[in-house]
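Enquirer: Please find one structure pasted underneath; my questions will follow.
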Amino acid sequence: MGAPMAWRLVSAGHKVTTWRRSDGVPVTTAVDGADLVITMLSDPAAVREVLTAALPGLRPGATVVEMSTIGPEAVHELRTLLPPEVGLVDAPVLGSVGPAAEGTLTVLAGGDVRGCHEVLSVFGTVRECGPLGSGAAMKIAVMSALVPAQVLLAETFAYGQAHGVDRGALIDVLSGTPLGVLAERLRVPAEQTRYSLAHATKDLELGAWDGATMATAARARLREARAAGLGERDLTAIAEHAAGVRGHRAVPLNLSAIPATNGMYSHAVRVGDMLYVSGQAAFDEHGDIVGEGSMEAQAEHVFQVISRILADQGATFEDIAFIRTYLTDMDDRAAYGRVRRKYITGTAPASTTVEVSKLFMPGLLLEVDLIVALPG
């Protein structure tokens with residue numbers, strides 16, 4: 001999205017400096033002296049990381065326009081991160097790569113847009129939603145309807161396929177209903193990724209709340225498709241995935257947010273509403289030991305990794321049914337227990353702790369595996 005949007009600004013006569021996270025140069029060089037800094041990134045963590053690094057280069061009086069989809073809570077966190085003399089506007093967009101290139105996006109703006117309205121109008125129609133954070137909230141609210149509707153249609157096609165209903169005929173019938181536009185979009189999965197399945201999943205995760213039963217079910221289906229390797233495909237690939245789902249098959253899960261496996265195992269495997277988590281140990285993305293010689297440091301790392309795996313599946317430590325711990329020295333169990341009690345509170349799950357002579361990597365002091373009952 002960022003590339004065609006940058007070209008729109010250049011074509012409109014604005015002086016533009018672009019920066020990508022993969023450029024290998026400090027982001028401060030891009031924002032230095034800029035009146036307006038626009039961010040278009042993948043998720044809240046990426047925005048927070050980039051703007052934190054950019055702080056030394058932001059001049060007083062500059063305005064940051066945050067155009068990623070990160071939700072209102074993250075927008076307000078950015079307000080506390082940025083200096084008071086730096087303005088902030090949230091302005092996520094509706095539309096994909098094509099409308100970005102054509103300048104026909106819908107810009108959902110929150111906050112004081114008087115100083116950037118002209119620039120935002122280069123991207124399309126600007127809709128002022130209210131105070132800071134309201135644009136981000138509007139975007140999540142809209143996607144909380146559009147994304148589950150596409151998942152519902154994907155499952156409708158799967159039902160029709162299982163009962164001999166011609167897919168083309170079903171879409172033709174649906175075209176005469178309010179769902180017609182979305183049904184047409186799913187007629188043939190897009191070859192070009194306009195809105196990735198992974199981003200759709202992230203958007204529903206940002207909008208998660210206790211009463212969102214339909215969005216919660218759609219999020220679970222999307223997570224399953226992402227785990228099956230469809231994350232970088234266009235969201236329309238969900239129809240292909242739904243058609244191939246048969247019962248409670250095993251779905252391997254490998255998260256990019258934690259160190260990669262060696263290819264001989266997956267971080268976890270989901271079967272229906274059960275999650276089986278492989279033994280987690282304290283090593284980083286380079287394969288180096290984290291907290292060598294310290295049980296507390298290694299245990300802290302392991303439980304942080306576990307928390308990311310659980311969060312990816314919408315679970316918490318309260319959903320753990322069984323936990324098994326392997327220690328190379330049982331005398332370290334008190335130090336391990338202090339860390340474990342920070343994460344597992346209340347009534348403890350079923351548990352086994354054993355001492356082993358060694359683990360798969362020299363220097364590792366513990367390994368932890370789990371069985372988790374996922375929320376329905």
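Numbering starts fresh at 1 for the residues of each chain in the structure tokens, the chains themselves are lettered A, B, ... in the order given, and ligands are numbered from 1 as they appear.
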What's the 8 Å shell around A:Ala62, counting only C-alpha atoms, without same-chain residues fewer than 5 positions away, as JSON, numbers by chain?
Expert: {"A": [34, 35, 36, 37, 85, 86, 87]}
Enquirer: Mind checking which residues fall within 10 Å of A:Ala183, counting only C-alpha atoms, ignoring those fewer than 3 positions away in the same chain, and posting them as an NGL selection string?
Expert: :A and (149-150 or 153-154 or 156-157 or 170-175 or 177-180 or 186-188 or 236)
Enquirer: Using only C-alpha atoms, which protein or nucleic acid residues come within 12 Å of A:Ala282? Drop anything in the same chain fewer than 5 positions from it, and give the result as a PyMOL selection string.
Expert: chain A and resi 258-259+287-306+359-368
Enquirer: Which of these residues is nearest to A:Asp234, using only C-alpha atoms: A:Ala260, A:Ala198, A:Val147, A:Leu132?
Expert: A:Ala198
Enquirer: Could you pull out the helix (DSSP H, G or I) residues of stretch 106-241 of chain A from DSSP and send them as a PDB file with N, CA and C atoms, in the first residue's frame?
Expert:
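Output saved as selection.pdb:
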```pdb
ATOM      1  N   HIS A 117      -5.173  17.726   5.791  1.00  0.00           N
ATOM      2  CA  HIS A 117      -6.331  17.337   4.992  1.00  0.00           C
ATOM      3  C   HIS A 117      -6.008  17.342   3.499  1.00  0.00           C
ATOM      4  N   GLU A 118      -5.279  18.367   3.039  1.00  0.00           N
ATOM      5  CA  GLU A 118      -4.943  18.462   1.614  1.00  0.00           C
ATOM      6  C   GLU A 118      -4.106  17.271   1.163  1.00  0.00           C
ATOM      7  N   VAL A 119      -3.144  16.874   1.995  1.00  0.00           N
ATOM      8  CA  VAL A 119      -2.305  15.731   1.644  1.00  0.00           C
ATOM      9  C   VAL A 119      -3.125  14.451   1.651  1.00  0.00           C
ATOM     10  N   LEU A 120      -3.966  14.266   2.644  1.00  0.00           N
ATOM     11  CA  LEU A 120      -4.772  13.052   2.732  1.00  0.00           C
ATOM     12  C   LEU A 120      -5.736  12.933   1.558  1.00  0.00           C
ATOM     13  N   SER A 134     -10.581   7.839  16.656  1.00  0.00           N
ATOM     14  CA  SER A 134     -11.892   7.493  16.087  1.00  0.00           C
ATOM     15  C   SER A 134     -11.773   6.925  14.679  1.00  0.00           C
ATOM     16  N   GLY A 135     -10.764   7.354  13.924  1.00  0.00           N
ATOM     17  CA  GLY A 135     -10.541   6.768  12.604  1.00  0.00           C
ATOM     18  C   GLY A 135     -10.148   5.311  12.717  1.00  0.00           C
ATOM     19  N   ALA A 136      -9.237   5.028  13.654  1.00  0.00           N
ATOM     20  CA  ALA A 136      -8.793   3.646  13.881  1.00  0.00           C
ATOM     21  C   ALA A 136      -9.948   2.776  14.342  1.00  0.00           C
ATOM     22  N   ALA A 137     -10.799   3.313  15.222  1.00  0.00           N
ATOM     23  CA  ALA A 137     -11.953   2.556  15.705  1.00  0.00           C
ATOM     24  C   ALA A 137     -12.945   2.280  14.572  1.00  0.00           C
ATOM     25  N   MET A 138     -13.166   3.285  13.716  1.00  0.00           N
ATOM     26  CA  MET A 138     -14.077   3.107  12.578  1.00  0.00           C
ATOM     27  C   MET A 138     -13.557   2.014  11.649  1.00  0.00           C
ATOM     28  N   LYS A 139     -12.250   1.999  11.379  1.00  0.00           N
ATOM     29  CA  LYS A 139     -11.676   0.987  10.482  1.00  0.00           C
ATOM     30  C   LYS A 139     -11.896  -0.417  11.045  1.00  0.00           C
ATOM     31  N   ILE A 140     -11.610  -0.607  12.329  1.00  0.00           N
ATOM     32  CA  ILE A 140     -11.781  -1.931  12.932  1.00  0.00           C
ATOM     33  C   ILE A 140     -13.254  -2.340  12.936  1.00  0.00           C
ATOM     34  N   ALA A 141     -14.137  -1.377  13.197  1.00  0.00           N
ATOM     35  CA  ALA A 141     -15.573  -1.685  13.200  1.00  0.00           C
ATOM     36  C   ALA A 141     -16.020  -2.157  11.818  1.00  0.00           C
ATOM     37  N   VAL A 142     -15.565  -1.482  10.771  1.00  0.00           N
ATOM     38  CA  VAL A 142     -15.941  -1.865   9.407  1.00  0.00           C
ATOM     39  C   VAL A 142     -15.402  -3.250   9.069  1.00  0.00           C
ATOM     40  N   MET A 143     -14.131  -3.493   9.389  1.00  0.00           N
ATOM     41  CA  MET A 143     -13.543  -4.796   9.052  1.00  0.00           C
ATOM     42  C   MET A 143     -14.163  -5.918   9.878  1.00  0.00           C
ATOM     43  N   SER A 144     -14.677  -5.593  11.064  1.00  0.00           N
ATOM     44  CA  SER A 144     -15.333  -6.603  11.897  1.00  0.00           C
ATOM     45  C   SER A 144     -16.645  -7.075  11.276  1.00  0.00           C
ATOM     46  N   ALA A 145     -17.141  -6.338  10.289  1.00  0.00           N
ATOM     47  CA  ALA A 145     -18.311  -6.783   9.534  1.00  0.00           C
ATOM     48  C   ALA A 145     -17.899  -7.428   8.209  1.00  0.00           C
ATOM     49  N   LEU A 146     -16.996  -6.786   7.469  1.00  0.00           N
ATOM     50  CA  LEU A 146     -16.634  -7.254   6.135  1.00  0.00           C
ATOM     51  C   LEU A 146     -15.881  -8.582   6.141  1.00  0.00           C
ATOM     52  N   VAL A 147     -14.940  -8.741   7.066  1.00  0.00           N
ATOM     53  CA  VAL A 147     -14.131  -9.964   7.066  1.00  0.00           C
ATOM     54  C   VAL A 147     -14.963 -11.189   7.461  1.00  0.00           C
ATOM     55  N   PRO A 148     -15.715 -11.157   8.582  1.00  0.00           N
ATOM     56  CA  PRO A 148     -16.550 -12.325   8.902  1.00  0.00           C
ATOM     57  C   PRO A 148     -17.561 -12.648   7.808  1.00  0.00           C
ATOM     58  N   ALA A 149     -18.046 -11.614   7.096  1.00  0.00           N
ATOM     59  CA  ALA A 149     -19.004 -11.875   6.013  1.00  0.00           C
ATOM     60  C   ALA A 149     -18.347 -12.705   4.910  1.00  0.00           C
ATOM     61  N   GLN A 150     -17.077 -12.443   4.614  1.00  0.00           N
ATOM     62  CA  GLN A 150     -16.386 -13.225   3.585  1.00  0.00           C
ATOM     63  C   GLN A 150     -16.108 -14.649   4.061  1.00  0.00           C
ATOM     64  N   VAL A 151     -15.819 -14.805   5.359  1.00  0.00           N
ATOM     65  CA  VAL A 151     -15.644 -16.151   5.904  1.00  0.00           C
ATOM     66  C   VAL A 151     -16.960 -16.910   5.852  1.00  0.00           C
ATOM     67  N   LEU A 152     -18.061 -16.234   6.191  1.00  0.00           N
ATOM     68  CA  LEU A 152     -19.382 -16.859   6.125  1.00  0.00           C
ATOM     69  C   LEU A 152     -19.682 -17.340   4.706  1.00  0.00           C
ATOM     70  N   LEU A 153     -19.377 -16.522   3.716  1.00  0.00           N
ATOM     71  CA  LEU A 153     -19.625 -16.911   2.335  1.00  0.00           C
ATOM     72  C   LEU A 153     -18.740 -18.081   1.924  1.00  0.00           C
ATOM     73  N   ALA A 154     -17.492 -18.087   2.390  1.00  0.00           N
ATOM     74  CA  ALA A 154     -16.602 -19.209   2.083  1.00  0.00           C
ATOM     75  C   ALA A 154     -17.191 -20.514   2.615  1.00  0.00           C
ATOM     76  N   GLU A 155     -17.753 -20.474   3.822  1.00  0.00           N
ATOM     77  CA  GLU A 155     -18.367 -21.669   4.393  1.00  0.00           C
ATOM     78  C   GLU A 155     -19.679 -22.004   3.682  1.00  0.00           C
ATOM     79  N   THR A 156     -20.371 -20.990   3.184  1.00  0.00           N
ATOM     80  CA  THR A 156     -21.585 -21.221   2.389  1.00  0.00           C
ATOM     81  C   THR A 156     -21.239 -21.983   1.109  1.00  0.00           C
ATOM     82  N   PHE A 157     -20.143 -21.574   0.451  1.00  0.00           N
ATOM     83  CA  PHE A 157     -19.706 -22.277  -0.757  1.00  0.00           C
ATOM     84  C   PHE A 157     -19.320 -23.720  -0.434  1.00  0.00           C
ATOM     85  N   ALA A 158     -18.655 -23.916   0.726  1.00  0.00           N
ATOM     86  CA  ALA A 158     -18.261 -25.271   1.117  1.00  0.00           C
ATOM     87  C   ALA A 158     -19.487 -26.144   1.357  1.00  0.00           C
ATOM     88  N   TYR A 159     -20.515 -25.568   1.997  1.00  0.00           N
ATOM     89  CA  TYR A 159     -21.763 -26.304   2.204  1.00  0.00           C
ATOM     90  C   TYR A 159     -22.386 -26.670   0.854  1.00  0.00           C
ATOM     91  N   GLY A 160     -22.440 -25.700  -0.058  1.00  0.00           N
ATOM     92  CA  GLY A 160     -23.017 -25.967  -1.370  1.00  0.00           C
ATOM     93  C   GLY A 160     -22.266 -27.060  -2.114  1.00  0.00           C
ATOM     94  N   GLN A 161     -20.932 -27.011  -2.042  1.00  0.00           N
ATOM     95  CA  GLN A 161     -20.113 -28.028  -2.706  1.00  0.00           C
ATOM     96  C   GLN A 161     -20.409 -29.414  -2.151  1.00  0.00           C
ATOM     97  N   ALA A 162     -20.548 -29.506  -0.822  1.00  0.00           N
ATOM     98  CA  ALA A 162     -20.802 -30.801  -0.191  1.00  0.00           C
ATOM     99  C   ALA A 162     -22.179 -31.357  -0.551  1.00  0.00           C
ATOM    100  N   ARG A 167     -21.374 -23.955  -7.810  1.00  0.00           N
ATOM    101  CA  ARG A 167     -20.862 -22.731  -7.183  1.00  0.00           C
ATOM    102  C   ARG A 167     -21.226 -21.487  -7.987  1.00  0.00           C
ATOM    103  N   GLY A 168     -21.089 -21.557  -9.306  1.00  0.00           N
ATOM    104  CA  GLY A 168     -21.433 -20.409 -10.131  1.00  0.00           C
ATOM    105  C   GLY A 168     -22.894 -20.030  -9.994  1.00  0.00           C
ATOM    106  N   ALA A 169     -23.744 -21.044  -9.956  1.00  0.00           N
ATOM    107  CA  ALA A 169     -25.175 -20.776  -9.810  1.00  0.00           C
ATOM    108  C   ALA A 169     -25.482 -20.173  -8.439  1.00  0.00           C
ATOM    109  N   LEU A 170     -24.797 -20.660  -7.409  1.00  0.00           N
ATOM    110  CA  LEU A 170     -25.002 -20.127  -6.064  1.00  0.00           C
ATOM    111  C   LEU A 170     -24.607 -18.650  -6.010  1.00  0.00           C
ATOM    112  N   ILE A 171     -23.479 -18.321  -6.634  1.00  0.00           N
ATOM    113  CA  ILE A 171     -23.043 -16.923  -6.646  1.00  0.00           C
ATOM    114  C   ILE A 171     -24.014 -16.067  -7.443  1.00  0.00           C
ATOM    115  N   ASP A 172     -24.538 -16.612  -8.540  1.00  0.00           N
ATOM    116  CA  ASP A 172     -25.519 -15.866  -9.328  1.00  0.00           C
ATOM    117  C   ASP A 172     -26.758 -15.537  -8.493  1.00  0.00           C
ATOM    118  N   VAL A 173     -27.203 -16.509  -7.691  1.00  0.00           N
ATOM    119  CA  VAL A 173     -28.362 -16.264  -6.828  1.00  0.00           C
ATOM    120  C   VAL A 173     -28.023 -15.229  -5.759  1.00  0.00           C
ATOM    121  N   LEU A 174     -26.837 -15.367  -5.161  1.00  0.00           N
ATOM    122  CA  LEU A 174     -26.420 -14.433  -4.120  1.00  0.00           C
ATOM    123  C   LEU A 174     -26.229 -13.019  -4.664  1.00  0.00           C
ATOM    124  N   GLY A 180     -24.203  -9.816  -2.566  1.00  0.00           N
ATOM    125  CA  GLY A 180     -23.776 -10.067  -3.929  1.00  0.00           C
ATOM    126  C   GLY A 180     -22.364  -9.613  -4.250  1.00  0.00           C
ATOM    127  N   VAL A 181     -21.980  -8.412  -3.829  1.00  0.00           N
ATOM    128  CA  VAL A 181     -20.654  -7.879  -4.148  1.00  0.00           C
ATOM    129  C   VAL A 181     -19.563  -8.756  -3.544  1.00  0.00           C
ATOM    130  N   LEU A 182     -19.755  -9.160  -2.284  1.00  0.00           N
ATOM    131  CA  LEU A 182     -18.746 -10.009  -1.637  1.00  0.00           C
ATOM    132  C   LEU A 182     -18.717 -11.394  -2.264  1.00  0.00           C
ATOM    133  N   ALA A 183     -19.877 -11.914  -2.650  1.00  0.00           N
ATOM    134  CA  ALA A 183     -19.920 -13.231  -3.280  1.00  0.00           C
ATOM    135  C   ALA A 183     -19.151 -13.222  -4.597  1.00  0.00           C
ATOM    136  N   GLU A 184     -19.303 -12.161  -5.374  1.00  0.00           N
ATOM    137  CA  GLU A 184     -18.571 -12.044  -6.634  1.00  0.00           C
ATOM    138  C   GLU A 184     -17.069 -12.002  -6.385  1.00  0.00           C
ATOM    139  N   ARG A 185     -16.666 -11.348  -5.318  1.00  0.00           N
ATOM    140  CA  ARG A 185     -15.244 -11.252  -5.002  1.00  0.00           C
ATOM    141  C   ARG A 185     -14.649 -12.628  -4.734  1.00  0.00           C
ATOM    142  N   LEU A 197      -4.675 -12.522   3.842  1.00  0.00           N
ATOM    143  CA  LEU A 197      -5.401 -13.265   4.867  1.00  0.00           C
ATOM    144  C   LEU A 197      -4.794 -13.017   6.244  1.00  0.00           C
ATOM    145  N   ALA A 198      -3.458 -12.889   6.302  1.00  0.00           N
ATOM    146  CA  ALA A 198      -2.800 -12.606   7.584  1.00  0.00           C
ATOM    147  C   ALA A 198      -3.217 -11.252   8.128  1.00  0.00           C
ATOM    148  N   HIS A 199      -3.326 -10.242   7.265  1.00  0.00           N
ATOM    149  CA  HIS A 199      -3.757  -8.919   7.726  1.00  0.00           C
ATOM    150  C   HIS A 199      -5.220  -8.936   8.148  1.00  0.00           C
ATOM    151  N   ALA A 200      -6.042  -9.703   7.463  1.00  0.00           N
ATOM    152  CA  ALA A 200      -7.444  -9.824   7.857  1.00  0.00           C
ATOM    153  C   ALA A 200      -7.554 -10.451   9.246  1.00  0.00           C
ATOM    154  N   THR A 201      -6.721 -11.456   9.489  1.00  0.00           N
ATOM    155  CA  THR A 201      -6.699 -12.093  10.807  1.00  0.00           C
ATOM    156  C   THR A 201      -6.297 -11.100  11.873  1.00  0.00           C
ATOM    157  N   LYS A 202      -5.247 -10.334  11.575  1.00  0.00           N
ATOM    158  CA  LYS A 202      -4.767  -9.314  12.521  1.00  0.00           C
ATOM    159  C   LYS A 202      -5.851  -8.288  12.819  1.00  0.00           C
ATOM    160  N   ASP A 203      -6.591  -7.868  11.784  1.00  0.00           N
ATOM    161  CA  ASP A 203      -7.638  -6.870  11.994  1.00  0.00           C
ATOM    162  C   ASP A 203      -8.736  -7.392  12.918  1.00  0.00           C
ATOM    163  N   LEU A 204      -9.108  -8.668  12.766  1.00  0.00           N
ATOM    164  CA  LEU A 204     -10.118  -9.237  13.665  1.00  0.00           C
ATOM    165  C   LEU A 204      -9.567  -9.409  15.073  1.00  0.00           C
ATOM    166  N   GLU A 205      -8.286  -9.688  15.185  1.00  0.00           N
ATOM    167  CA  GLU A 205      -7.674  -9.793  16.513  1.00  0.00           C
ATOM    168  C   GLU A 205      -7.700  -8.444  17.222  1.00  0.00           C
ATOM    169  N   LEU A 206      -7.481  -7.366  16.484  1.00  0.00           N
ATOM    170  CA  LEU A 206      -7.515  -6.030  17.077  1.00  0.00           C
ATOM    171  C   LEU A 206      -8.924  -5.667  17.540  1.00  0.00           C
ATOM    172  N   THR A 213     -19.247 -12.875  18.922  1.00  0.00           N
ATOM    173  CA  THR A 213     -19.267 -14.316  18.650  1.00  0.00           C
ATOM    174  C   THR A 213     -18.974 -14.638  17.183  1.00  0.00           C
ATOM    175  N   MET A 214     -19.582 -13.902  16.244  1.00  0.00           N
ATOM    176  CA  MET A 214     -19.349 -14.190  14.836  1.00  0.00           C
ATOM    177  C   MET A 214     -17.920 -13.849  14.428  1.00  0.00           C
ATOM    178  N   ALA A 215     -17.420 -12.706  14.898  1.00  0.00           N
ATOM    179  CA  ALA A 215     -16.045 -12.321  14.577  1.00  0.00           C
ATOM    180  C   ALA A 215     -15.051 -13.297  15.201  1.00  0.00           C
ATOM    181  N   THR A 216     -15.380 -13.803  16.387  1.00  0.00           N
ATOM    182  CA  THR A 216     -14.501 -14.771  17.048  1.00  0.00           C
ATOM    183  C   THR A 216     -14.412 -16.062  16.249  1.00  0.00           C
ATOM    184  N   ALA A 217     -15.559 -16.545  15.755  1.00  0.00           N
ATOM    185  CA  ALA A 217     -15.562 -17.759  14.947  1.00  0.00           C
ATOM    186  C   ALA A 217     -14.805 -17.549  13.634  1.00  0.00           C
ATOM    187  N   ALA A 218     -14.994 -16.376  13.010  1.00  0.00           N
ATOM    188  CA  ALA A 218     -14.280 -16.074  11.769  1.00  0.00           C
ATOM    189  C   ALA A 218     -12.785 -15.989  12.019  1.00  0.00           C
ATOM    190  N   ARG A 219     -12.414 -15.398  13.148  1.00  0.00           N
ATOM    191  CA  ARG A 219     -10.986 -15.288  13.492  1.00  0.00           C
ATOM    192  C   ARG A 219     -10.356 -16.669  13.641  1.00  0.00           C
ATOM    193  N   ALA A 220     -11.073 -17.599  14.264  1.00  0.00           N
ATOM    194  CA  ALA A 220     -10.551 -18.957  14.427  1.00  0.00           C
ATOM    195  C   ALA A 220     -10.352 -19.627  13.079  1.00  0.00           C
ATOM    196  N   ARG A 221     -11.291 -19.435  12.159  1.00  0.00           N
ATOM    197  CA  ARG A 221     -11.183 -20.023  10.818  1.00  0.00           C
ATOM    198  C   ARG A 221      -9.984 -19.418  10.065  1.00  0.00           C
ATOM    199  N   LEU A 222      -9.797 -18.103  10.207  1.00  0.00           N
ATOM    200  CA  LEU A 222      -8.679 -17.443   9.529  1.00  0.00           C
ATOM    201  C   LEU A 222      -7.340 -17.880  10.111  1.00  0.00           C
ATOM    202  N   ARG A 223      -7.287 -18.043  11.427  1.00  0.00           N
ATOM    203  CA  ARG A 223      -6.043 -18.508  12.047  1.00  0.00           C
ATOM    204  C   ARG A 223      -5.687 -19.905  11.538  1.00  0.00           C
ATOM    205  N   GLU A 224      -6.692 -20.720  11.368  1.00  0.00           N
ATOM    206  CA  GLU A 224      -6.479 -22.072  10.852  1.00  0.00           C
ATOM    207  C   GLU A 224      -5.918 -22.005   9.429  1.00  0.00           C
ATOM    208  N   ALA A 225      -6.489 -21.105   8.607  1.00  0.00           N
ATOM    209  CA  ALA A 225      -6.007 -20.949   7.230  1.00  0.00           C
ATOM    210  C   ALA A 225      -4.596 -20.373   7.208  1.00  0.00           C
ATOM    211  N   ARG A 226      -4.321 -19.442   8.097  1.00  0.00           N
ATOM    212  CA  ARG A 226      -2.968 -18.872   8.184  1.00  0.00           C
ATOM    213  C   ARG A 226      -1.966 -19.951   8.564  1.00  0.00           C
ATOM    214  N   ALA A 227      -2.346 -20.791   9.519  1.00  0.00           N
ATOM    215  CA  ALA A 227      -1.462 -21.875   9.945  1.00  0.00           C
ATOM    216  C   ALA A 227      -1.229 -22.875   8.819  1.00  0.00           C
ATOM    217  N   ALA A 228      -2.191 -22.972   7.904  1.00  0.00           N
ATOM    218  CA  ALA A 228      -2.061 -23.890   6.773  1.00  0.00           C
ATOM    219  C   ALA A 228      -1.225 -23.297   5.643  1.00  0.00           C
ATOM    220  N   GLY A 229      -0.666 -22.100   5.856  1.00  0.00           N
ATOM    221  CA  GLY A 229       0.239 -21.502   4.880  1.00  0.00           C
ATOM    222  C   GLY A 229      -0.395 -20.513   3.927  1.00  0.00           C
ATOM    223  N   LEU A 230      -1.617 -20.045   4.224  1.00  0.00           N
ATOM    224  CA  LEU A 230      -2.313 -19.133   3.314  1.00  0.00           C
ATOM    225  C   LEU A 230      -2.206 -17.679   3.754  1.00  0.00           C
ATOM    226  N   ALA A 237      -8.719 -16.373  -0.616  1.00  0.00           N
ATOM    227  CA  ALA A 237      -8.268 -17.770  -0.525  1.00  0.00           C
ATOM    228  C   ALA A 237      -8.972 -18.523   0.591  1.00  0.00           C
ATOM    229  N   ILE A 238      -9.716 -17.808   1.451  1.00  0.00           N
ATOM    230  CA  ILE A 238     -10.431 -18.486   2.532  1.00  0.00           C
ATOM    231  C   ILE A 238     -11.492 -19.423   1.966  1.00  0.00           C
ATOM    232  N   ALA A 239     -12.010 -19.114   0.768  1.00  0.00           N
ATOM    233  CA  ALA A 239     -13.005 -19.996   0.149  1.00  0.00           C
ATOM    234  C   ALA A 239     -12.362 -21.327  -0.224  1.00  0.00           C
ATOM    235  N   GLU A 240     -11.172 -21.272  -0.761  1.00  0.00           N
ATOM    236  CA  GLU A 240     -10.422 -22.479  -1.108  1.00  0.00           C
ATOM    237  C   GLU A 240     -10.133 -23.311   0.134  1.00  0.00           C
ATOM    238  N   HIS A 241      -9.771 -22.627   1.230  1.00  0.00           N
ATOM    239  CA  HIS A 241      -9.451 -23.335   2.475  1.00  0.00           C
ATOM    240  C   HIS A 241     -10.694 -23.996   3.064  1.00  0.00           C
TER     241      HIS A 241
END
```
Enquirer: Counting only C-alpha atoms, which residues of stretch 171-263 of chain A sit at most 12 Å from some atom of stretch 98-115 of chain A, and what is each one's closest atom pair with its distance in Å to one decimal, listed by chain and rising residue number, as a Markdown table?
Expert:
```
| residue | atom | partner | partner_atom | distance |
| --- | --- | --- | --- | --- |
| A:Gln192 | CA | A:Gly98 | CA | 10.5 |
| A:Thr193 | CA | A:Gly98 | CA | 10.6 |
| A:Arg194 | CA | A:Gly98 | CA | 7.8 |
| A:Tyr195 | CA | A:Gly98 | CA | 10.7 |
```
Enquirer: Got a sec: who's within 12 Å of A:Glu49, counting only C-alpha atoms, leaving out chain neighbours fewer than 3 positions off, as a ChimeraX atom specification?
Expert: /A:21,27,39,41-46,52-55,78,81
Enquirer: Using only C-alpha atoms, determine which residues lie at most 12 Å from A:Val10, disregarding the query and same-chain residues fewer than 6 positions distant; provide the list as a PyMOL selection string.
Expert: chain A and resi 3-4+16-18+101+119+122-123
Enquirer: Can you pull out the residues contacting A:Leu88? Cut-off 7 Å, using only C-alpha atoms, and skip same-chain residues under 5 positions away; I want them as a VMD selection string.
Expert: chain A and resid 63 to 65 79
Enquirer: Hey, can you spit out that residue selection with C-alpha atoms as a short mmCIF file (atom, residue, chain, number, x, y, z; two decimals), in the first residue's frame?
Expert:
```cif
data_model
loop_
_atom_site.label_atom_id
_atom_site.label_comp_id
_atom_site.auth_asym_id
_atom_site.auth_seq_id
_atom_site.Cartn_x
_atom_site.Cartn_y
_atom_site.Cartn_z
CA THR A 63 2.70 15.83 12.48
CA VAL A 64 2.69 12.04 12.38
CA VAL A 65 -0.15 10.59 10.28
CA ARG A 79 0.19 9.72 21.67
#
```
Enquirer: Could you state the separation of atom CA of A:Ser351 and atom CA of A:Leu374 in Å, given to one decimal place?
Expert: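 Between atom CA of A:Ser351 and atom CA of A:Leu374 the gap is 17.7 Å.
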